[in-house]
Amino acid sequence: HSGAKSRHRPMVRLSSQPREKFKGKRIGNPFPVYPYEVSDQMIVSDPTICVPIYARTGIVPETGKDVKIFDIDGSDKDRIKRIREACRLAKRVLNSACDFAAPGISTDDIDVFVHHLITEAGGYPSPLNYFGYPKSVCTSVNEVACHGIPDKRPLQDGDVLSIDVACYLNGFHGDTCATVIIDGGFEDHDLFERSSHLVSSTKEALLAGIEVCRPGGCLSDIGEAVHGVADARGLQSVRDGGGHGIHSHLHCAPLVKHFRNRDKIELLPGMIFTIEPILTGMLVFCILSS
């Protein structure tokens with residue numbers, strides 16, 4: 001891609017700045033993100049690839065409210081092994097996608113890149129046709145909080161890009177996400193500083209949520225930890241989204257809230273779920289549906 005200046009990902013350190021330094025200041029590229037052309041949906045035609053139940057129809061079955069508890073030392077050892085393999089594939093693809101992102105490359109390019117990496121490894125891109133979702137990855141730029149649809153918009157210097165990679169491998173899903181700042185030279189150093197604060201604070205919130213996960217703990221401990229970091233950094237935790245259980249279903253119980261709550265669910269060995277904090281510097285945001 002001739003428009004790409006650099007594929008270097010800047011190292012982002014955990015911020016120690018006080019909340020007042022960034023309060024009320026815009027984070028990310030100063031120009032609003034508008035939808036661009038969306039290319040045709042890709043398909044997985046290889047008959048040897050195991051696909052989820054919704055792959056052909058887009059219909060996702062109900063999963064219920066019961067939390068799945070795996071027998072980690074007994075009958076579920078093989079299932080847990082396969083879940084780990086799916087998660088490792090998702091992580092490898094995510095790392096490659098983050099390295100691939102650069103100025104001039106579109107999120108549609110990233111979608112094609114991710115699709116081929118997953119299918120070449122024998123997996124199925126979990127987002128593809130999930131409730132009819134048209135793409136193989138979710139790419140959220142700047143003020144788009146999550147589940148953005150890849151399109152032809154070229155990435156620009158200073159964009160804050162979240163890439164959400166999930167894959168289905170041997171009957172189980174793996175799900176992971178990362179946020180990078182697109183580096184084209186950073187002419188606006190103040191913008192980079194604010195964006196770095198957002199990205200590093202969100203990573204700090206993720207690590208804080210992981211830290212409180214232990215047998216005998218409480219699910220609400222995660223929301224308390226994430227919310228505490230957001231407060232300390234002068235940011236807001238987006239409530240219309242959350243972590244979730246994951247195994248043979250992409251999204252299932254429990255719902256993991258990233259804000260203070262009273263969900264008194266004991267954490268037990270054999271639970272598998274994601275923690276996906278979304279922090280924002282905006283005070284007002286909305287949910288769009290299609």
# chains A, B, ... in the order shown; residues from 1 in each chain; ligands from 1

$ closest_atom_pairs --of "stretch 109-227 of chain A" --to "stretch 47-60 of chain A" --cutoff "8 Å" --atoms "only C-alpha atoms" --output "Markdown table"
| residue | atom | partner | partner_atom | distance |
| --- | --- | --- | --- | --- |
| A:Thr119 | CA | A:Ile49 | CA | 7.7 |
| A:Gly122 | CA | A:Ile49 | CA | 5.6 |
| A:Gly123 | CA | A:Ile49 | CA | 6.2 |
| A:Tyr124 | CA | A:Val51 | CA | 6.0 |
| A:Ser126 | CA | A:Pro52 | CA | 7.7 |
| A:Leu128 | CA | A:Ala55 | CA | 7.0 |
| A:Asn129 | CA | A:Gly58 | CA | 5.0 |
| A:Tyr130 | CA | A:Gly58 | CA | 5.4 |
| A:Phe131 | CA | A:Gly58 | CA | 4.8 |
| A:Gly132 | CA | A:Gly58 | CA | 4.7 |
| A:Tyr133 | CA | A:Gly58 | CA | 7.8 |
| A:Tyr168 | CA | A:Val51 | CA | 7.0 |
| A:Leu169 | CA | A:Cys50 | CA | 6.8 |
| A:Asn170 | CA | A:Cys50 | CA | 6.2 |
| A:Gly171 | CA | A:Cys50 | CA | 6.8 |

$ write_last_selection --atoms "C-alpha atoms" --output "tab-separated table (two decimals), in the first residue's frame"
chain	number	residue	atom	x	y	z
A	119	THR	CA	-8.98	-19.56	7.67
A	122	GLY	CA	-8.12	-23.92	9.93
A	123	GLY	CA	-10.40	-21.59	11.88
A	124	TYR	CA	-13.57	-19.62	11.22
A	126	SER	CA	-16.36	-15.79	14.76
A	128	LEU	CA	-18.74	-13.44	10.35
A	129	ASN	CA	-22.55	-13.67	9.97
A	130	TYR	CA	-23.06	-13.58	13.76
A	131	PHE	CA	-26.59	-12.16	13.87
A	132	GLY	CA	-25.86	-11.22	10.24
A	133	TYR	CA	-22.67	-9.23	10.97
A	168	TYR	CA	-13.86	-20.53	16.07
A	169	LEU	CA	-11.50	-23.49	16.09
A	170	ASN	CA	-12.34	-27.16	16.67
A	171	GLY	CA	-15.72	-26.35	18.18

$ residues_around --residues "A:Pro125" --least-positions-apart "6" --cutoff "12 Å" --atoms "only C-alpha atoms" --output "PyMOL selection string"
chain A and resi 42-44+49-52+54-55+86+89-90+93-94+111-119+133-138+164-169+172-175+250

$ closest_residue --among "A:Arg82, A:Val33, A:Ser196, A:Gln41" --to "A:His247" --atoms "only C-alpha atoms"
A:Arg82

$ residues_around --residues "stretch 227-230 of chain A" --least-positions-apart "6" --cutoff "7 Å" --atoms "only C-alpha atoms" --output "list in words"
Ala205, Gln236, Ser237, His258, Phe259, Arg260 and Leu279 of chain A

$ write_last_selection --atoms "C-alpha atoms" --output "PDB file, in the first residue's frame"
ATOM      1  CA  ALA A 205      -8.122  -1.068  33.863  1.00  0.00           C
ATOM      2  CA  GLN A 236     -15.743   7.184  31.813  1.00  0.00           C
ATOM      3  CA  SER A 237     -16.438   3.441  31.614  1.00  0.00           C
ATOM      4  CA  HIS A 258     -17.007  -2.873  33.716  1.00  0.00           C
ATOM      5  CA  PHE A 259     -18.554  -0.510  36.245  1.00  0.00           C
ATOM      6  CA  ARG A 260     -19.590  -0.760  39.884  1.00  0.00           C
ATOM      7  CA  LEU A 279     -13.054   3.740  28.521  1.00  0.00           C
TER       8      LEU A 279
END

$ atom_distance --atom1 "atom CA of A:Asp159" --atom2 "atom CA of A:Ile210"
27.1 Å

$ residues_around --residues "A:Arg262" --least-positions-apart "6" --cutoff "12 Å" --atoms "only C-alpha atoms" --output "list in words"
Cys218, Leu219, Ser220, Asp221, Ile222, Gly223, Glu224 and Val256 of chain A

$ closest_residue --among "A:Glu204, A:Val180, A:Ile275, A:Ile110" --to "A:Asp151" --atoms "only C-alpha atoms"
A:Ile110

$ select_by_dssp --residues "stretch 95-263 of chain A" --states "strand (DSSP E or B)" --output "PyMOL selection string"
chain A and resi 106+124-125+138-141+154+160-169+172-181+218+236-237+243-245+252-256

$ closest_residue --among "A:Leu268, A:Ser248, A:Val144, A:Leu161" --to "A:Cys213" --atoms "only C-alpha atoms"
A:Leu268

$ residues_around --residues "A:Gly243" --least-positions-apart "3" --cutoff "7 Å" --atoms "only C-alpha atoms" --output "list in words"
Leu255, Val256, Lys257, Phe273, Thr274, Ile275 and Glu276 of chain A

$ closest_residue --among "A:Gly216, A:Gly281, A:Gly242, A:Pro254" --to "A:Arg194" --atoms "only C-alpha atoms"
A:Gly281

$ closest_residue --among "A:His197, A:Lys152, A:His244, A:Arg239" --to "A:Gly104" --atoms "only C-alpha atoms"
A:Lys152

$ atom_distance --atom1 "atom CA of A:Ser195" --atom2 "atom CA of A:Leu207"
18.6 Å
